[in-house]
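Step one of this worksheet: look at the structure below.
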Amino acid sequence: MGFSQEIITEIDNIWQANLKHPFVQEIGAGTLPVKKFKYYMVQDYVYLMDYAKVFALGALKSPDLKTMIQFSNTLQSILTEEMSLHRQYAAQFNISEETLASAEPAPTTLAYKNYLLSVAQTGGQAELLAVLLPCMWGYETIGKNLAHSPGAKNVLYGEWIAMYSSPDFSALTEWLIQEFDRITAQQTLTQRVRLINIFKNSLRYEVLFWEMAYQEEKWLV
Ligand SMILES: Cc1ncc(C[n+]2csc(CCO)c2C)c(N)n1
């Protein structure tokens with residue numbers, strides 16, 4: 001069993017909480033109130049601006065050309081494909097690109113993106129992979145789980161599900177998992193414990209992100 005599989009087995013309760021969050025289930029059922037989805041789209045756009053930078057840092061910290069190309073291709077696809085879907089949704093909701101690009105992060109978005117960036121900046125390649133893997137792997141699993149759900153045929157949520165259940169996205173996630181398993185195979189117990197914690201925190205933030213959107217979290221003042 002690879003280290004990545006060992007981690008999600010150990011923290012299965014958090015892994016399941018992420019997959020089964022009401023926000024995700026309601027996308028699958030096609031019943032999620034549009035208002036919550038709009039809120040999510042804007043916050044996710046703000047999040048992705050910084051998430052993409054983690055891939056730029058991944059390229060910077062790459063040990064070889066092949067890894068560097070993968071990180072730079074992914075950075076490109078986040079900015080052009082994934083964020084372009086967000087821009088299309090925003091246009092549908094009459095939210096301008098300026099509003100989208102200048103939206104303020106809610107507390108959870110701010111905390112999560114700062115966590116990602118600080119781990120990616122201060123850690124090495126293993127820490128960087130540990131912090132970004134829950135996001136990729138979680139969405140890929142959700143995409144697969146929802147591929148044949150009623151939501152997949154929903155006019156609004158169908159495209160979102162299609163993007164995360166695409167074979168290209170699965171291949172990318174698989175590459176990240178293998179890279180993580182390869183890099184961590186030789187690590188000491190102390191290093192592994194640190195990586196489990198990073199992975200766990202990032203996964204917890206994924207759950208909090210759904211919850212934030214579900215509750216339409218606001219700053220108190
Ligand atoms: C909070 C949050 N977590 C994860 C993703 C998913 N995601 C972000 S970048 C990327 C790589 C491929 O484009 C994927 C799958 C998201 N959108 N928002």
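FYI, nothing fancy with the structure tokens labels: chains A, B, ... in order, residues from 1 per chain, ligands from 1 as they appear.
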
Between chain A and ligand 1, at 10 Å or less, what are the per-residue closest atom pairs and their distances in Å? Count only C-alpha atoms and all ligand atoms, order by chain and rising residue number, and return it as JSON lines.
{"residue": "A:Tyr40", "atom": "CA", "partner": "ligand 1", "partner_atom_place_in_ligand_line": "1 (C)", "distance": 8.8}
{"residue": "A:Met41", "atom": "CA", "partner": "ligand 1", "partner_atom_place_in_ligand_line": "17 (N)", "distance": 8.7}
{"residue": "A:Gln43", "atom": "CA", "partner": "ligand 1", "partner_atom_place_in_ligand_line": "1 (C)", "distance": 8.3}
{"residue": "A:Asp44", "atom": "CA", "partner": "ligand 1", "partner_atom_place_in_ligand_line": "18 (N)", "distance": 5.4}
{"residue": "A:Tyr45", "atom": "CA", "partner": "ligand 1", "partner_atom_place_in_ligand_line": "17 (N)", "distance": 7.7}
{"residue": "A:Val46", "atom": "CA", "partner": "ligand 1", "partner_atom_place_in_ligand_line": "18 (N)", "distance": 9.5}
{"residue": "A:Tyr47", "atom": "CA", "partner": "ligand 1", "partner_atom_place_in_ligand_line": "1 (C)", "distance": 6.5}
{"residue": "A:Leu48", "atom": "CA", "partner": "ligand 1", "partner_atom_place_in_ligand_line": "8 (C)", "distance": 6.1}
{"residue": "A:Met49", "atom": "CA", "partner": "ligand 1", "partner_atom_place_in_ligand_line": "9 (S)", "distance": 9.2}
{"residue": "A:Asp50", "atom": "CA", "partner": "ligand 1", "partner_atom_place_in_ligand_line": "9 (S)", "distance": 9.6}
{"residue": "A:Tyr51", "atom": "CA", "partner": "ligand 1", "partner_atom_place_in_ligand_line": "9 (S)", "distance": 6.3}
{"residue": "A:Ala52", "atom": "CA", "partner": "ligand 1", "partner_atom_place_in_ligand_line": "9 (S)", "distance": 6.7}
{"residue": "A:Val54", "atom": "CA", "partner": "ligand 1", "partner_atom_place_in_ligand_line": "9 (S)", "distance": 9.6}
{"residue": "A:Phe55", "atom": "CA", "partner": "ligand 1", "partner_atom_place_in_ligand_line": "9 (S)", "distance": 9.1}
{"residue": "A:Asn73", "atom": "CA", "partner": "ligand 1", "partner_atom_place_in_ligand_line": "13 (O)", "distance": 9.9}
{"residue": "A:Thr74", "atom": "CA", "partner": "ligand 1", "partner_atom_place_in_ligand_line": "12 (C)", "distance": 6.4}
{"residue": "A:Leu75", "atom": "CA", "partner": "ligand 1", "partner_atom_place_in_ligand_line": "13 (O)", "distance": 7.7}
{"residue": "A:Gln76", "atom": "CA", "partner": "ligand 1", "partner_atom_place_in_ligand_line": "13 (O)", "distance": 8.6}
{"residue": "A:Ser77", "atom": "CA", "partner": "ligand 1", "partner_atom_place_in_ligand_line": "13 (O)", "distance": 5.8}
{"residue": "A:Ile78", "atom": "CA", "partner": "ligand 1", "partner_atom_place_in_ligand_line": "13 (O)", "distance": 4.1}
{"residue": "A:Leu79", "atom": "CA", "partner": "ligand 1", "partner_atom_place_in_ligand_line": "13 (O)", "distance": 7.9}
{"residue": "A:Thr80", "atom": "CA", "partner": "ligand 1", "partner_atom_place_in_ligand_line": "13 (O)", "distance": 8.9}
{"residue": "A:Glu81", "atom": "CA", "partner": "ligand 1", "partner_atom_place_in_ligand_line": "13 (O)", "distance": 7.0}
{"residue": "A:Glu82", "atom": "CA", "partner": "ligand 1", "partner_atom_place_in_ligand_line": "13 (O)", "distance": 5.1}
{"residue": "A:Met83", "atom": "CA", "partner": "ligand 1", "partner_atom_place_in_ligand_line": "13 (O)", "distance": 8.0}
{"residue": "A:His86", "atom": "CA", "partner": "ligand 1", "partner_atom_place_in_ligand_line": "17 (N)", "distance": 9.2}
{"residue": "A:Thr108", "atom": "CA", "partner": "ligand 1", "partner_atom_place_in_ligand_line": "1 (C)", "distance": 9.8}
{"residue": "A:Thr109", "atom": "CA", "partner": "ligand 1", "partner_atom_place_in_ligand_line": "1 (C)", "distance": 7.8}
{"residue": "A:Tyr112", "atom": "CA", "partner": "ligand 1", "partner_atom_place_in_ligand_line": "1 (C)", "distance": 8.3}
{"residue": "A:Lys113", "atom": "CA", "partner": "ligand 1", "partner_atom_place_in_ligand_line": "1 (C)", "distance": 8.9}
{"residue": "A:Leu132", "atom": "CA", "partner": "ligand 1", "partner_atom_place_in_ligand_line": "4 (C)", "distance": 8.5}
{"residue": "A:Leu133", "atom": "CA", "partner": "ligand 1", "partner_atom_place_in_ligand_line": "4 (C)", "distance": 9.2}
{"residue": "A:Pro134", "atom": "CA", "partner": "ligand 1", "partner_atom_place_in_ligand_line": "4 (C)", "distance": 7.8}
{"residue": "A:Cys135", "atom": "CA", "partner": "ligand 1", "partner_atom_place_in_ligand_line": "4 (C)", "distance": 4.1}
{"residue": "A:Met136", "atom": "CA", "partner": "ligand 1", "partner_atom_place_in_ligand_line": "15 (C)", "distance": 4.4}
{"residue": "A:Trp137", "atom": "CA", "partner": "ligand 1", "partner_atom_place_in_ligand_line": "15 (C)", "distance": 7.5}
{"residue": "A:Gly138", "atom": "CA", "partner": "ligand 1", "partner_atom_place_in_ligand_line": "4 (C)", "distance": 7.3}
{"residue": "A:Tyr139", "atom": "CA", "partner": "ligand 1", "partner_atom_place_in_ligand_line": "6 (C)", "distance": 5.5}
{"residue": "A:Glu140", "atom": "CA", "partner": "ligand 1", "partner_atom_place_in_ligand_line": "15 (C)", "distance": 6.8}
{"residue": "A:Gly143", "atom": "CA", "partner": "ligand 1", "partner_atom_place_in_ligand_line": "15 (C)", "distance": 9.5}
{"residue": "A:Trp160", "atom": "CA", "partner": "ligand 1", "partner_atom_place_in_ligand_line": "17 (N)", "distance": 9.8}
{"residue": "A:Met163", "atom": "CA", "partner": "ligand 1", "partner_atom_place_in_ligand_line": "13 (O)", "distance": 8.7}
{"residue": "A:Tyr164", "atom": "CA", "partner": "ligand 1", "partner_atom_place_in_ligand_line": "15 (C)", "distance": 6.7}
{"residue": "A:Ser165", "atom": "CA", "partner": "ligand 1", "partner_atom_place_in_ligand_line": "15 (C)", "distance": 9.9}
{"residue": "A:Asp168", "atom": "CA", "partner": "ligand 1", "partner_atom_place_in_ligand_line": "12 (C)", "distance": 9.4}
{"residue": "A:Phe169", "atom": "CA", "partner": "ligand 1", "partner_atom_place_in_ligand_line": "12 (C)", "distance": 6.6}
{"residue": "A:Ser170", "atom": "CA", "partner": "ligand 1", "partner_atom_place_in_ligand_line": "15 (C)", "distance": 9.4}
{"residue": "A:Leu172", "atom": "CA", "partner": "ligand 1", "partner_atom_place_in_ligand_line": "12 (C)", "distance": 7.8}
{"residue": "A:Thr173", "atom": "CA", "partner": "ligand 1", "partner_atom_place_in_ligand_line": "15 (C)", "distance": 8.2}
{"residue": "A:Ser202", "atom": "CA", "partner": "ligand 1", "partner_atom_place_in_ligand_line": "3 (N)", "distance": 9.3}
{"residue": "A:Leu203", "atom": "CA", "partner": "ligand 1", "partner_atom_place_in_ligand_line": "3 (N)", "distance": 9.1}
{"residue": "A:Tyr205", "atom": "CA", "partner": "ligand 1", "partner_atom_place_in_ligand_line": "1 (C)", "distance": 7.9}
{"residue": "A:Glu206", "atom": "CA", "partner": "ligand 1", "partner_atom_place_in_ligand_line": "1 (C)", "distance": 5.7}
{"residue": "A:Val207", "atom": "CA", "partner": "ligand 1", "partner_atom_place_in_ligand_line": "1 (C)", "distance": 8.7}
{"residue": "A:Leu208", "atom": "CA", "partner": "ligand 1", "partner_atom_place_in_ligand_line": "1 (C)", "distance": 8.9}
{"residue": "A:Phe209", "atom": "CA", "partner": "ligand 1", "partner_atom_place_in_ligand_line": "1 (C)", "distance": 5.8}
{"residue": "A:Trp210", "atom": "CA", "partner": "ligand 1", "partner_atom_place_in_ligand_line": "1 (C)", "distance": 7.7}
{"residue": "A:Ala213", "atom": "CA", "partner": "ligand 1", "partner_atom_place_in_ligand_line": "1 (C)", "distance": 9.9}

Who sits within 8 Å of range 125-128 of chain A, only C-alpha atoms, same chain under 4 positions skipped, as a JSON list (two decimals) with N, CA and C atoms, in the first residue's frame:
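Below is the file that was written, result-v1.json:
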[["chain", "number", "residue", "atom", "x", "y", "z"],
["A", 54, "VAL", "N", 0.58, 27.52, -5.93],
["A", 54, "VAL", "CA", 1.25, 26.36, -5.32],
["A", 54, "VAL", "C", 1.89, 25.50, -6.43],
["A", 58, "GLY", "N", 5.58, 24.45, -7.08],
["A", 58, "GLY", "CA", 5.91, 23.05, -7.37],
["A", 58, "GLY", "C", 6.91, 22.97, -8.51],
["A", 61, "LYS", "N", 10.28, 23.94, -7.24],
["A", 61, "LYS", "CA", 10.94, 22.95, -6.38],
["A", 61, "LYS", "C", 11.09, 21.58, -7.03],
["A", 62, "SER", "N", 10.81, 21.51, -8.35],
["A", 62, "SER", "CA", 10.87, 20.21, -9.03],
["A", 62, "SER", "C", 12.29, 19.68, -9.15],
["A", 119, "VAL", "N", 2.73, 26.41, 3.64],
["A", 119, "VAL", "CA", 3.35, 25.07, 3.60],
["A", 119, "VAL", "C", 4.17, 24.92, 2.32],
["A", 120, "ALA", "N", 3.59, 25.38, 1.21],
["A", 120, "ALA", "CA", 4.28, 25.22, -0.08],
["A", 120, "ALA", "C", 5.57, 26.05, -0.13],
["A", 132, "LEU", "N", -1.31, 19.79, -1.32],
["A", 132, "LEU", "CA", -2.24, 19.96, -2.45],
["A", 132, "LEU", "C", -2.99, 18.69, -2.85],
["A", 180, "PHE", "N", 3.85, 11.47, -4.98],
["A", 180, "PHE", "CA", 3.88, 11.57, -3.52],
["A", 180, "PHE", "C", 4.37, 10.24, -2.92],
["A", 183, "ILE", "N", 8.19, 9.81, -3.60],
["A", 183, "ILE", "CA", 9.03, 10.70, -2.79],
["A", 183, "ILE", "C", 9.06, 10.29, -1.32],
["A", 184, "THR", "N", 7.91, 9.81, -0.82],
["A", 184, "THR", "CA", 7.82, 9.53, 0.61],
["A", 184, "THR", "C", 8.26, 8.12, 0.99],
["A", 195, "LEU", "N", 4.02, 14.87, 7.50],
["A", 195, "LEU", "CA", 3.26, 14.90, 6.24],
["A", 195, "LEU", "C", 1.80, 14.50, 6.45],
["A", 198, "ILE", "N", 0.02, 17.53, 7.67],
["A", 198, "ILE", "CA", -0.23, 18.52, 6.61],
["A", 198, "ILE", "C", -1.41, 18.06, 5.75]]

* Write out as number ranges by chain all residues of range 2-124 of chain A that DSSP puts in helix (DSSP H, G or I) for this structure's backbone. => A: 3-10, 12-19, 22-29, 34-60, 65-92, 97-101, 107-122

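Considering only C-alpha atoms, the residue among A:Lys53, A:Ala147, A:Glu104, A:Tyr89 positioned nearest to Gln121 in chain A is A:Lys53.
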
* In Å, rounded to a single decimal, give me how far CA of Leu146 in chain A is from CA of Ala17 in chain A. => 15.5 Å
